[in-house]
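Below is protein31.csv, holding CSV, C-alpha atoms.
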chain,number,residue,atom,x,y,z
A,1,MET,CA,-19.8,31.6,21.2
A,2,THR,CA,-21.5,30.6,17.9
A,3,CYS,CA,-22.5,27.3,16.4
A,4,ARG,CA,-19.7,27.8,13.8
A,5,ASP,CA,-17.0,27.7,16.6
A,6,THR,CA,-18.3,24.3,18.0
A,7,GLU,CA,-16.6,22.1,15.4
A,8,ASN,CA,-13.1,23.7,16.0
A,9,LEU,CA,-13.5,23.6,19.7
A,10,LEU,CA,-14.6,20.0,19.6
A,11,GLU,CA,-11.4,19.2,17.6
A,12,LEU,CA,-9.3,21.0,20.2
A,13,GLU,CA,-11.1,19.1,22.9
A,14,ARG,CA,-10.4,15.8,21.1
A,15,LYS,CA,-6.7,16.7,21.0
A,16,GLY,CA,-6.8,17.8,24.7
A,17,GLU,CA,-5.7,21.3,23.7
A,18,ILE,CA,-8.8,23.3,24.5
A,19,PRO,CA,-8.2,26.2,27.0
A,20,PRO,CA,-10.3,25.9,30.2
A,21,GLY,CA,-12.2,29.1,29.5
A,22,GLU,CA,-13.2,27.9,26.0
A,23,GLN,CA,-14.2,24.5,27.5
A,24,GLN,CA,-16.7,26.2,29.8
A,25,ALA,CA,-18.1,28.2,26.9
A,26,LEU,CA,-18.4,25.1,24.8
A,27,THR,CA,-20.2,23.2,27.6
A,28,ARG,CA,-22.7,26.1,28.0
A,29,HIS,CA,-23.3,26.3,24.3
A,30,LEU,CA,-23.8,22.5,23.9
A,31,ALA,CA,-26.4,22.5,26.7
A,32,ALA,CA,-28.3,25.4,25.0
A,33,CYS,CA,-28.1,24.3,21.4
A,34,ARG,CA,-29.7,21.0,20.5
A,35,ARG,CA,-28.0,20.7,17.1
A,36,CYS,CA,-24.5,21.4,18.4
A,37,GLY,CA,-25.3,19.0,21.3
A,38,GLU,CA,-26.0,16.2,18.9
A,39,THR,CA,-22.9,17.1,16.8
A,40,ALA,CA,-20.7,16.9,20.0
A,41,LYS,CA,-22.3,13.6,21.1
A,42,VAL,CA,-21.5,12.1,17.7
A,43,ALA,CA,-17.9,13.5,17.6
A,44,ARG,CA,-17.1,12.4,21.1
A,45,LEU,CA,-18.5,8.9,20.5
A,46,SER,CA,-16.5,8.7,17.3
A,47,SER,CA,-13.3,9.4,19.2
A,48,VAL,CA,-14.2,6.9,21.9
A,49,LEU,CA,-14.8,4.2,19.3
A,50,LEU,CA,-11.6,4.9,17.4
A,51,GLY,CA,-9.7,4.9,20.6
A,52,THR,CA,-10.6,1.3,21.3
A,53,LEU,CA,-8.8,0.2,18.1
A,54,ARG,CA,-5.5,1.2,19.7
A,55,GLN,CA,-3.9,-2.0,21.1
A,56,GLU,CA,-0.4,-2.8,22.2
A,57,ILE,CA,0.5,-6.2,20.8
A,58,VAL,CA,4.1,-7.5,21.1
A,59,PRO,CA,5.4,-10.5,19.1
A,60,GLY,CA,4.7,-13.8,20.7
A,61,PRO,CA,7.5,-16.2,21.7
A,62,SER,CA,7.4,-18.2,18.4
A,63,PHE,CA,7.3,-15.1,16.2
A,64,TYR,CA,11.0,-14.7,15.5
A,65,ALA,CA,11.6,-18.4,15.1
A,66,ARG,CA,8.9,-18.6,12.5
A,67,LEU,CA,10.2,-15.4,10.8
A,68,ARG,CA,13.8,-16.9,10.7
A,69,GLU,CA,12.4,-20.0,9.0
A,70,ARG,CA,10.6,-17.9,6.4
A,71,LEU,CA,13.5,-15.7,5.7
A,72,ALA,CA,15.8,-18.7,5.2
A,73,ALA,CA,13.3,-20.2,2.8
A,74,ALA,CA,12.9,-16.9,0.9
A,75,GLY,CA,16.7,-16.4,0.9
A,76,SER,CA,17.4,-19.7,-0.7
A,77,ALA,CA,14.7,-19.2,-3.3
A,78,GLN,CA,16.1,-15.8,-4.2
A,79,PRO,CA,18.6,-15.5,-7.1
A,80,ASP,CA,22.2,-14.8,-6.2
A,81,SER,CA,22.9,-11.1,-5.7
A,82,THR,CA,25.8,-11.3,-8.2
A,83,LEU,CA,23.4,-12.6,-10.8
A,84,LEU,CA,21.0,-9.9,-10.0
A,85,HIS,CA,23.7,-7.3,-10.4
A,86,ALA,CA,24.8,-8.9,-13.7
A,87,TRP,CA,21.2,-8.9,-14.9
A,88,GLY,CA,20.7,-5.3,-13.9
A,89,PHE,CA,23.9,-4.4,-15.9
A,90,ALA,CA,22.7,-6.5,-18.9
A,91,ARG,CA,19.3,-4.8,-18.9
A,92,ARG,CA,20.9,-1.4,-19.2
A,93,LEU,CA,22.8,-2.7,-22.3
A,94,ILE,CA,19.6,-3.9,-24.1
A,95,PRO,CA,18.8,-0.5,-25.9
A,96,ALA,CA,22.5,-0.2,-27.1
A,97,VAL,CA,22.5,-3.8,-28.4
A,98,ALA,CA,19.2,-3.2,-30.2
A,99,LEU,CA,20.5,-0.1,-31.8
A,100,GLY,CA,23.7,-1.9,-32.9
A,101,VAL,CA,21.6,-4.7,-34.6
A,102,LEU,CA,19.5,-2.1,-36.4
A,103,VAL,CA,22.6,-0.2,-37.7
A,104,LEU,CA,24.3,-3.5,-38.7
A,105,ALA,CA,21.1,-4.6,-40.6
A,106,GLY,CA,20.9,-1.2,-42.4
A,107,VAL,CA,24.6,-1.4,-43.4
A,108,THR,CA,24.2,-4.9,-44.7
A,109,ILE,CA,21.1,-4.0,-46.8
A,110,SER,CA,22.8,-0.9,-48.2
A,111,LEU,CA,25.9,-2.9,-49.2
A,112,GLU,CA,24.1,-5.9,-50.8
A,113,GLY,CA,21.4,-3.8,-52.6
A,114,PRO,CA,17.8,-5.0,-53.2
A,115,SER,CA,17.4,-8.7,-54.1
A,116,MET,CA,17.0,-9.2,-57.9
A,117,PRO,CA,14.0,-11.1,-59.3
A,118,ARG,CA,14.7,-14.4,-61.0
A,119,GLN,CA,13.8,-15.1,-64.6
A,120,VAL,CA,11.3,-17.9,-65.1
A,121,GLN,CA,9.8,-19.5,-68.3
A,122,GLY,CA,6.0,-19.2,-67.9
A,123,ALA,CA,3.4,-21.8,-68.7
A,124,HIS,CA,2.8,-20.3,-72.2
A,125,SER,CA,6.5,-19.9,-73.0
A,126,ARG,CA,6.5,-16.4,-71.7
A,127,GLU,CA,9.4,-15.0,-69.8
A,128,ILE,CA,8.6,-13.8,-66.3
A,129,TYR,CA,10.5,-12.4,-63.3
A,130,ALA,CA,9.7,-13.7,-59.8
A,131,PHE,CA,11.0,-13.4,-56.3
A,132,SER,CA,9.0,-16.4,-55.2
A,133,LEU,CA,6.8,-19.3,-56.3
A,134,GLU,CA,3.6,-17.3,-55.7
A,135,GLU,CA,4.7,-14.6,-58.1
A,136,VAL,CA,5.4,-17.1,-60.9
A,137,ASN,CA,1.7,-17.2,-61.6
A,138,LEU,CA,1.9,-13.6,-62.9
A,139,THR,CA,-0.2,-10.5,-63.0
A,140,GLY,CA,-3.5,-10.3,-61.4
A,141,SER,CA,-3.7,-14.0,-60.5
A,142,VAL,CA,-3.7,-15.2,-56.9
A,143,GLU,CA,-3.9,-18.9,-57.7
A,144,ARG,CA,-1.1,-21.3,-56.9
A,145,PRO,CA,1.3,-21.9,-59.9
A,146,ASN,CA,0.7,-25.0,-61.9
A,147,GLN,CA,3.2,-27.9,-62.0
A,148,ASP,CA,5.0,-26.6,-65.2
A,149,GLN,CA,5.5,-23.2,-63.7
A,150,MET,CA,6.9,-24.7,-60.4
A,151,LEU,CA,9.2,-27.0,-62.3
A,152,ALA,CA,10.5,-24.1,-64.4
A,153,PHE,CA,11.1,-22.0,-61.3
A,154,VAL,CA,13.0,-24.8,-59.6
A,155,LEU,CA,15.1,-25.4,-62.7
A,156,MET,CA,15.9,-21.7,-63.0
A,157,GLN,CA,16.9,-21.5,-59.4
A,158,GLY,CA,19.2,-24.6,-59.9
A,159,GLN,CA,20.7,-22.9,-63.0
A,160,ALA,CA,21.2,-19.7,-61.1
A,161,ARG,CA,22.9,-21.5,-58.2
A,162,GLY,CA,25.2,-23.4,-60.7
A,163,ALA,CA,26.1,-20.2,-62.4
A,164,GLY,CA,26.9,-18.6,-59.1
A,165,SER,CA,29.1,-21.4,-57.8
A,166,GLY,CA,30.9,-21.6,-61.2
A,167,GLU,CA,32.0,-18.0,-61.0
B,1,MET,CA,20.2,27.4,32.7
B,2,ASN,CA,22.4,29.2,30.3
B,3,ASP,CA,23.0,28.4,26.6
B,4,ASN,CA,26.1,26.3,27.3
B,5,ASP,CA,24.2,24.1,29.8
B,6,LYS,CA,21.4,23.7,27.3
B,7,GLU,CA,23.8,22.6,24.6
B,8,LYS,CA,25.5,20.2,27.0
B,9,GLY,CA,22.1,18.7,27.8
B,10,LEU,CA,21.2,18.3,24.1
B,11,GLU,CA,24.6,17.0,23.0
B,12,PRO,CA,24.3,13.5,24.5
B,13,ALA,CA,20.8,13.1,23.0
B,14,ARG,CA,22.0,14.2,19.6
B,15,GLU,CA,25.0,11.8,19.8
B,16,GLN,CA,22.7,9.0,20.8
B,17,ARG,CA,20.5,9.7,17.8
B,18,ASP,CA,23.4,9.8,15.4
B,19,GLU,CA,24.8,6.6,16.8
B,20,ALA,CA,21.3,4.9,16.4
B,21,ALA,CA,21.1,6.2,12.8
B,22,GLN,CA,24.6,4.9,12.0
B,23,GLU,CA,23.8,1.5,13.6
B,24,GLU,CA,20.6,1.3,11.5
B,25,ALA,CA,22.5,2.2,8.3
B,26,ARG,CA,25.0,-0.5,9.1
B,27,LEU,CA,22.3,-3.1,9.7
B,28,ILE,CA,20.6,-2.1,6.4
B,29,ARG,CA,23.8,-2.6,4.5
B,30,GLN,CA,24.4,-6.0,6.0
B,31,ALA,CA,20.8,-7.0,5.4
B,32,GLN,CA,21.2,-5.9,1.8
B,33,ASP,CA,24.2,-8.3,1.5
B,34,GLY,CA,21.8,-11.1,2.7
B,35,ASN,CA,22.7,-11.1,6.4
B,36,GLN,CA,19.5,-12.4,8.1
B,37,ARG,CA,20.7,-11.6,11.6
B,38,ALA,CA,21.1,-8.0,10.7
B,39,PHE,CA,17.6,-8.0,9.1
B,40,GLU,CA,16.2,-9.5,12.3
B,41,ALA,CA,17.8,-6.7,14.3
B,42,LEU,CA,16.1,-4.2,12.1
B,43,VAL,CA,12.8,-5.9,12.6
B,44,ARG,CA,13.2,-5.8,16.3
B,45,LEU,CA,13.9,-2.0,16.1
B,46,HIS,CA,10.6,-1.4,14.3
B,47,GLU,CA,8.3,-4.2,15.4
B,48,ARG,CA,6.3,-2.0,17.8
B,49,LEU,CA,5.1,0.4,15.2
B,50,VAL,CA,4.4,-2.3,12.6
B,51,PHE,CA,2.4,-4.3,15.1
B,52,GLY,CA,0.6,-1.1,16.1
B,53,ILE,CA,-0.4,-0.4,12.5
B,54,ILE,CA,-1.6,-3.9,11.9
B,55,GLY,CA,-3.2,-4.2,15.3
B,56,SER,CA,-5.5,-1.3,14.5
B,57,PHE,CA,-7.0,-3.2,11.7
B,58,LEU,CA,-7.0,-6.8,13.1
B,59,ARG,CA,-7.9,-7.9,16.6
B,60,ARG,CA,-6.7,-11.5,17.0
B,61,ARG,CA,-3.1,-11.8,18.0
B,62,GLN,CA,-2.5,-14.7,15.6
B,63,ASP,CA,-3.9,-12.6,12.7
B,64,VAL,CA,-1.7,-9.7,13.6
B,65,GLU,CA,1.4,-11.9,13.8
B,66,ASP,CA,0.5,-13.5,10.4
B,67,LEU,CA,0.2,-10.2,8.7
B,68,ALA,CA,3.4,-8.9,10.4
B,69,GLN,CA,5.2,-11.9,9.0
B,70,GLU,CA,4.0,-10.9,5.6
B,71,VAL,CA,5.2,-7.4,6.1
B,72,PHE,CA,8.7,-8.4,7.2
B,73,LEU,CA,9.1,-11.0,4.5
B,74,LYS,CA,8.1,-8.4,1.8
B,75,ALA,CA,10.6,-6.0,3.4
B,76,TYR,CA,13.3,-8.7,3.4
B,77,LEU,CA,12.7,-9.5,-0.3
B,78,ALA,CA,12.7,-5.8,-1.2
B,79,ILE,CA,15.6,-4.5,0.9
B,80,GLY,CA,18.0,-4.9,-2.0
B,81,ARG,CA,16.2,-2.1,-3.7
B,82,PHE,CA,16.1,0.2,-0.6
B,83,ARG,CA,18.1,3.3,-1.4
B,84,SER,CA,20.8,3.7,1.2
B,85,GLY,CA,20.6,7.0,3.1
B,86,ALA,CA,16.8,7.1,2.8
B,87,PRO,CA,14.8,7.0,6.0
B,88,PHE,CA,14.0,3.3,6.8
B,89,ALA,CA,11.0,3.7,9.0
B,90,PRO,CA,8.6,5.3,6.5
B,91,TRP,CA,9.7,2.7,3.9
B,92,LEU,CA,8.7,-0.1,6.3
B,93,HIS,CA,5.5,1.6,7.3
B,94,ARG,CA,4.5,1.9,3.6
B,95,ILE,CA,5.0,-1.8,3.3
B,96,ALA,CA,2.9,-2.4,6.4
B,97,VAL,CA,0.1,-0.1,5.2
B,98,ASN,CA,0.1,-1.7,1.7
B,99,THR,CA,-0.2,-5.1,3.3
B,100,CYS,CA,-3.1,-4.0,5.4
B,101,TYR,CA,-4.7,-2.4,2.4
B,102,ASP,CA,-4.4,-5.7,0.5
B,103,HIS,CA,-6.0,-7.4,3.4
B,104,LEU,CA,-8.8,-4.9,3.7
B,105,ARG,CA,-9.5,-5.1,-0.1
B,106,GLY,CA,-10.0,-8.8,0.3
B,107,ILE,CA,-12.8,-8.2,2.8
B,108,ARG,CA,-16.3,-7.5,1.4
B,109,ARG,CA,-17.5,-4.0,2.3
B,110,ARG,CA,-20.6,-4.0,4.4
B,111,PRO,CA,-23.6,-2.0,3.4
B,112,GLU,CA,-25.0,0.8,5.5
B,113,ILE,CA,-25.8,-0.4,9.0
B,114,GLY,CA,-28.9,0.1,11.1
B,115,ILE,CA,-29.6,-0.4,14.8
B,116,ALA,CA,-31.1,-3.8,14.0
B,117,ASP,CA,-27.8,-5.0,12.6
B,118,LEU,CA,-26.0,-4.4,15.9
B,119,ALA,CA,-25.2,-7.2,18.4
B,120,GLU,CA,-26.9,-6.9,21.8
B,121,SER,CA,-23.7,-5.7,23.5
B,122,GLU,CA,-23.2,-3.0,20.9
B,123,ALA,CA,-26.8,-1.8,21.1
B,124,ASP,CA,-26.5,-1.7,24.9
B,125,PHE,CA,-23.3,0.2,24.7
B,126,LEU,CA,-24.7,2.7,22.3
B,127,ASP,CA,-27.9,3.1,24.4
B,128,ARG,CA,-25.9,3.7,27.6
B,129,TYR,CA,-23.6,6.2,25.8
B,130,VAL,CA,-26.5,8.1,24.4
B,131,LYS,CA,-28.3,8.3,27.8
B,132,LYS,CA,-25.3,9.0,30.0
B,133,GLY,CA,-22.8,10.4,27.5
B,134,TYR,CA,-19.8,8.3,28.8
B,135,LEU,CA,-18.7,4.7,29.3
B,136,SER,CA,-20.1,3.0,32.3
B,137,GLY,CA,-17.8,2.5,35.3
B,138,GLY,CA,-18.6,-1.1,36.2
B,139,GLY,CA,-18.3,-3.1,33.0
B,140,GLU,CA,-15.5,-1.1,31.3
B,141,ALA,CA,-13.8,-4.1,29.7
B,142,ASP,CA,-17.1,-5.3,28.2
B,143,ASP,CA,-18.0,-1.7,27.1
B,144,ARG,CA,-14.6,-1.4,25.5
B,145,LEU,CA,-15.1,-4.7,23.7
B,146,ALA,CA,-18.6,-3.6,22.5
B,147,ALA,CA,-17.2,-0.3,21.4
B,148,ARG,CA,-14.5,-1.9,19.4
B,149,ASP,CA,-17.0,-4.2,17.7
B,150,LEU,CA,-19.1,-1.2,16.9
B,151,ALA,CA,-16.1,0.7,15.6
B,152,GLU,CA,-15.1,-2.1,13.3
B,153,ARG,CA,-18.6,-2.6,12.1
B,154,ILE,CA,-18.9,1.1,11.1
B,155,LEU,CA,-15.4,1.2,9.6
B,156,ALA,CA,-16.2,-1.9,7.5
B,157,THR,CA,-18.7,0.2,5.6
B,158,LEU,CA,-15.9,2.6,4.4
B,159,PRO,CA,-13.8,2.2,1.2
B,160,PRO,CA,-10.4,0.6,2.3
B,161,LYS,CA,-8.3,3.7,1.6
B,162,ASP,CA,-10.7,5.9,3.6
B,163,ARG,CA,-10.6,3.4,6.4
B,164,LEU,CA,-6.8,3.4,6.3
B,165,ALA,CA,-6.7,7.2,6.4
B,166,ILE,CA,-8.9,7.6,9.4
B,167,THR,CA,-7.2,4.7,11.3
B,168,LEU,CA,-3.7,5.9,10.6
B,169,ARG,CA,-4.6,9.4,11.7
B,170,GLU,CA,-6.8,8.8,14.7
B,171,VAL,CA,-5.4,5.5,16.1
B,172,ASN,CA,-1.7,5.6,15.0
B,173,GLY,CA,-1.3,9.4,15.1
B,174,PHE,CA,0.1,9.7,11.6
B,175,GLU,CA,0.6,13.2,10.2
B,176,ILE,CA,-1.2,14.1,6.9
B,177,ALA,CA,2.2,13.8,5.0
B,178,GLN,CA,2.8,10.4,6.5
B,179,ILE,CA,-0.7,9.2,5.5
B,180,ALA,CA,-0.1,10.6,2.0
B,181,GLY,CA,3.2,8.8,1.7
B,182,SER,CA,1.8,5.6,3.0
B,183,LEU,CA,-1.2,5.6,0.7
B,184,GLY,CA,0.9,6.8,-2.3
B,185,CYS,CA,-1.3,9.9,-2.8
B,186,SER,CA,-1.0,13.7,-2.5
B,187,ARG,CA,-1.5,15.5,0.8
B,188,ALA,CA,-4.7,17.0,-0.6
B,189,ALA,CA,-6.0,13.6,-1.5
B,190,ALA,CA,-5.1,12.2,1.9
B,191,LYS,CA,-7.0,15.1,3.6
B,192,VAL,CA,-10.1,14.5,1.4
B,193,ARG,CA,-10.0,10.8,2.4
B,194,LEU,CA,-9.7,11.6,6.0
B,195,PHE,CA,-12.5,14.2,5.9
B,196,ARG,CA,-14.8,11.8,4.0
B,197,ALA,CA,-14.1,9.0,6.4
B,198,ARG,CA,-14.8,11.2,9.4
B,199,ARG,CA,-18.0,12.4,7.9
B,200,ALA,CA,-19.1,8.9,7.0
B,201,MET,CA,-18.4,7.6,10.4
B,202,GLN,CA,-20.2,10.4,12.1
B,203,ALA,CA,-23.2,10.1,9.7
B,204,ALA,CA,-23.4,6.4,10.6
B,205,LEU,CA,-23.3,7.1,14.3
B,206,ARG,CA,-25.9,9.9,14.0
B,207,ARG,CA,-28.2,7.5,12.2
B,208,LEU,CA,-27.7,4.9,14.9
B,209,ILE,CA,-28.3,7.4,17.7
B,210,ARG,CA,-31.5,8.7,16.1
B,211,GLN,CA,-32.8,5.1,15.6
B,212,ASP,CA,-31.9,4.3,19.2
B,213,GLU,CA,-33.8,7.4,20.4
B,214,HIS,CA,-36.7,6.7,18.1
B,215,ASP,CA,-37.1,3.2,19.5
B,216,GLU,CA,-37.4,4.5,23.1
Can the structure from this file be put into structure tokens for me?
Amino acid sequence: MTCRDTENLLELERKGEIPPGEQQALTRHLAACRRCGETAKVARLSSVLLGTLRQEIVPGPSFYARLRERLAAAGSAQPDSTLLHAWGFARRLIPAVALGVLVLAGVTISLEGPSMPRQVQGAHSREIYAFSLEEVNLTGSVERPNQDQMLAFVLMQGQARGAGSGE
Amino acid sequence: MNDNDKEKGLEPAREQRDEAAQEEARLIRQAQDGNQRAFEALVRLHERLVFGIIGSFLRRRQDVEDLAQEVFLKAYLAIGRFRSGAPFAPWLHRIAVNTCYDHLRGIRRRPEIGIADLAESEADFLDRYVKKGYLSGGGEADDRLAARDLAERILATLPPKDRLAITLREVNGFEIAQIAGSLGCSRAAAKVRLFRARRAMQAALRRLIRQDEHDE
């Protein structure tokens, strides 16, 4: 028997599966080899220690009464199973609904076409086109429009609305 | 005994097993519909193993019962998502192991231990074991208690998953596949954890034994 066999035989011994002949050979080897003797001592102690962690505990007399209370409390706090099923079904529909919204938005935009800029009289009697008040202030400028420009924009919007409703 | 006799002998056992499986499936369906009595019946069927798993990590009965309550409550809340036809026991064990894992993660890991860190009873136990190589006859209960203290002290130095792996294997007799399923890792990873845990435990014991022998 060699030192290399010791570990396997110790494992078999731990499981109680070591053949008697092998057990004797192991005992002889452990007595002769100091290193293997120490390995065996540690492996056996490890098994002994782990074996003490095994314990048979059965539920005490109040265990099930307490569990029943907790289950009842949890059961009443849980949402209705019908609602859960409905929510599950609704969740599966979310991607389809999102796709539908996107398609609808695309169709709407393609039918209406891009929004047209409005014509505005600028501060220096210049005609300008704008989508919003900020754009009234014209090229290259990021300042807020002055009072005249704002008034002109509002008036133009009013005129445009009036023309639209008159049609 | 001829083949017919053998079959006759096996038949009742198989029938019993099938009946038990059908009964369990019926209880699961009822529990999924919110029947608490059916769920309690399921708990009673599996209490022994769940208590066994938790009992290998916690010692005090009250602590074991508290954690078992957590396990069964989690199972009750999740049973609606349990796939019918799937084996119930491994599912419940996974919940038990995960609950133990959460508990172990909450405990601070101890650093490497030396002989000076041991309680007197643990040091005595170790000394006796080193000299005689077995547990003493007279004070067996005390020795067992000291041995459990020492085991817990050493295991507390391991990472929680390694500790779970070695305890599930050596104490609860789980197969590698069961450990892997419970820890949510591959079989290879479970083997590595088990190997590492065994090595760490043996290294700690070797260190303690050498220190004990050195102090003589």
Polymer residues at most 6 Å from B:Ala165, only C-alpha atoms, same-chain spacing of 3 or more positions, as number ranges by chain: B: 162, 168, 194
Distance query B:Ala151 at most 9 Å, all atoms listed in the file, self and fewer than 5 positions along chain excluded, as JSON, numbers by chain: {"A": [46, 49, 50, 52, 53], "B": [146, 156, 201]}
Atom CA of B:Gly52 to atom CA of B:Leu67, straight-line distance in Å: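 Atom-to-atom, atom CA of B:Leu67 to atom CA of B:Gly52, that is 11.7 Å.
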So that each row is one residue of chain A with an atom at most 10 Å from chain B, can you give its shortest atom pair and the distance in Å to one decimal, using all atoms listed in the file, rows by chain and rising number, as JSON lines?
{"residue": "A:Glu38", "atom": "CA", "partner": "B:Arg206", "partner_atom": "CA", "distance": 8.0}
{"residue": "A:Thr39", "atom": "CA", "partner": "B:Arg206", "partner_atom": "CA", "distance": 8.3}
{"residue": "A:Lys41", "atom": "CA", "partner": "B:Gly133", "partner_atom": "CA", "distance": 7.2}
{"residue": "A:Val42", "atom": "CA", "partner": "B:Gln202", "partner_atom": "CA", "distance": 6.0}
{"residue": "A:Ala43", "atom": "CA", "partner": "B:Gln202", "partner_atom": "CA", "distance": 6.7}
{"residue": "A:Arg44", "atom": "CA", "partner": "B:Gly133", "partner_atom": "CA", "distance": 8.8}
{"residue": "A:Leu45", "atom": "CA", "partner": "B:Tyr129", "partner_atom": "CA", "distance": 7.8}
{"residue": "A:Ser46", "atom": "CA", "partner": "B:Gln202", "partner_atom": "CA", "distance": 6.6}
{"residue": "A:Ser47", "atom": "CA", "partner": "B:Glu170", "partner_atom": "CA", "distance": 7.9}
{"residue": "A:Val48", "atom": "CA", "partner": "B:Ala147", "partner_atom": "CA", "distance": 7.8}
{"residue": "A:Leu49", "atom": "CA", "partner": "B:Ala151", "partner_atom": "CA", "distance": 5.3}
{"residue": "A:Leu50", "atom": "CA", "partner": "B:Val171", "partner_atom": "CA", "distance": 6.4}
{"residue": "A:Gly51", "atom": "CA", "partner": "B:Val171", "partner_atom": "CA", "distance": 6.3}
{"residue": "A:Thr52", "atom": "CA", "partner": "B:Arg148", "partner_atom": "CA", "distance": 5.4}
{"residue": "A:Leu53", "atom": "CA", "partner": "B:Ser56", "partner_atom": "CA", "distance": 5.1}
{"residue": "A:Arg54", "atom": "CA", "partner": "B:Val171", "partner_atom": "CA", "distance": 5.6}
{"residue": "A:Gln55", "atom": "CA", "partner": "B:Gly55", "partner_atom": "CA", "distance": 6.2}
{"residue": "A:Glu56", "atom": "CA", "partner": "B:Gly52", "partner_atom": "CA", "distance": 6.4}
{"residue": "A:Ile57", "atom": "CA", "partner": "B:Phe51", "partner_atom": "CA", "distance": 6.3}
{"residue": "A:Val58", "atom": "CA", "partner": "B:Arg48", "partner_atom": "CA", "distance": 6.8}
{"residue": "A:Pro59", "atom": "CA", "partner": "B:Glu65", "partner_atom": "CA", "distance": 6.8}
{"residue": "A:Gly60", "atom": "CA", "partner": "B:Glu65", "partner_atom": "CA", "distance": 7.9}
{"residue": "A:Ser62", "atom": "CA", "partner": "B:Glu65", "partner_atom": "CA", "distance": 9.8}
{"residue": "A:Phe63", "atom": "CA", "partner": "B:Glu65", "partner_atom": "CA", "distance": 7.1}
{"residue": "A:Tyr64", "atom": "CA", "partner": "B:Glu40", "partner_atom": "CA", "distance": 8.0}
{"residue": "A:Arg66", "atom": "CA", "partner": "B:Gln69", "partner_atom": "CA", "distance": 8.4}
{"residue": "A:Leu67", "atom": "CA", "partner": "B:Gln69", "partner_atom": "CA", "distance": 6.4}
{"residue": "A:Arg68", "atom": "CA", "partner": "B:Gln36", "partner_atom": "CA", "distance": 7.7}
{"residue": "A:Arg70", "atom": "CA", "partner": "B:Leu73", "partner_atom": "CA", "distance": 7.3}
{"residue": "A:Leu71", "atom": "CA", "partner": "B:Leu73", "partner_atom": "CA", "distance": 6.5}
{"residue": "A:Ala72", "atom": "CA", "partner": "B:Gln36", "partner_atom": "CA", "distance": 7.9}
{"residue": "A:Ala74", "atom": "CA", "partner": "B:Leu77", "partner_atom": "CA", "distance": 7.5}
{"residue": "A:Gly75", "atom": "CA", "partner": "B:Gly34", "partner_atom": "CA", "distance": 7.6}
{"residue": "A:Gln78", "atom": "CA", "partner": "B:Leu77", "partner_atom": "CA", "distance": 8.2}
{"residue": "A:Asp80", "atom": "CA", "partner": "B:Gly34", "partner_atom": "CA", "distance": 9.6}
{"residue": "A:Ser81", "atom": "CA", "partner": "B:Asp33", "partner_atom": "CA", "distance": 7.8}
{"residue": "A:Leu84", "atom": "CA", "partner": "B:Gly80", "partner_atom": "CA", "distance": 9.9}
Please produce a file of the residues just selected, as a short mmCIF file (atom, residue, chain, number, x, y, z; two decimals), in the coordinates of the input, where the atoms kept are C-alpha atoms.
data_model
loop_
_atom_site.label_atom_id
_atom_site.label_comp_id
_atom_site.auth_asym_id
_atom_site.auth_seq_id
_atom_site.Cartn_x
_atom_site.Cartn_y
_atom_site.Cartn_z
CA GLU A 38 -26.00 16.20 18.90
CA THR A 39 -22.90 17.10 16.80
CA LYS A 41 -22.30 13.60 21.10
CA VAL A 42 -21.50 12.10 17.70
CA ALA A 43 -17.90 13.50 17.60
CA ARG A 44 -17.10 12.40 21.10
CA LEU A 45 -18.50 8.90 20.50
CA SER A 46 -16.50 8.70 17.30
CA SER A 47 -13.30 9.40 19.20
CA VAL A 48 -14.20 6.90 21.90
CA LEU A 49 -14.80 4.20 19.30
CA LEU A 50 -11.60 4.90 17.40
CA GLY A 51 -9.70 4.90 20.60
CA THR A 52 -10.60 1.30 21.30
CA LEU A 53 -8.80 0.20 18.10
CA ARG A 54 -5.50 1.20 19.70
CA GLN A 55 -3.90 -2.00 21.10
CA GLU A 56 -0.40 -2.80 22.20
CA ILE A 57 0.50 -6.20 20.80
CA VAL A 58 4.10 -7.50 21.10
CA PRO A 59 5.40 -10.50 19.10
CA GLY A 60 4.70 -13.80 20.70
CA SER A 62 7.40 -18.20 18.40
CA PHE A 63 7.30 -15.10 16.20
CA TYR A 64 11.00 -14.70 15.50
CA ARG A 66 8.90 -18.60 12.50
CA LEU A 67 10.20 -15.40 10.80
CA ARG A 68 13.80 -16.90 10.70
CA ARG A 70 10.60 -17.90 6.40
CA LEU A 71 13.50 -15.70 5.70
CA ALA A 72 15.80 -18.70 5.20
CA ALA A 74 12.90 -16.90 0.90
CA GLY A 75 16.70 -16.40 0.90
CA GLN A 78 16.10 -15.80 -4.20
CA ASP A 80 22.20 -14.80 -6.20
CA SER A 81 22.90 -11.10 -5.70
CA LEU A 84 21.00 -9.90 -10.00
#
Atom-to-atom span, atom CA of B:Val97 and atom CA of B:Ser182, Å: 6.3 Å
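Between atom CA of B:Leu104 and atom CA of B:Leu183 there is a distance of 13.3 Å.
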Top pick for closest residue to B:Ile107, considering B:Ala86, B:Leu158, B:Ile176, B:Ala13 and counting all atoms listed in the file: B:Leu158
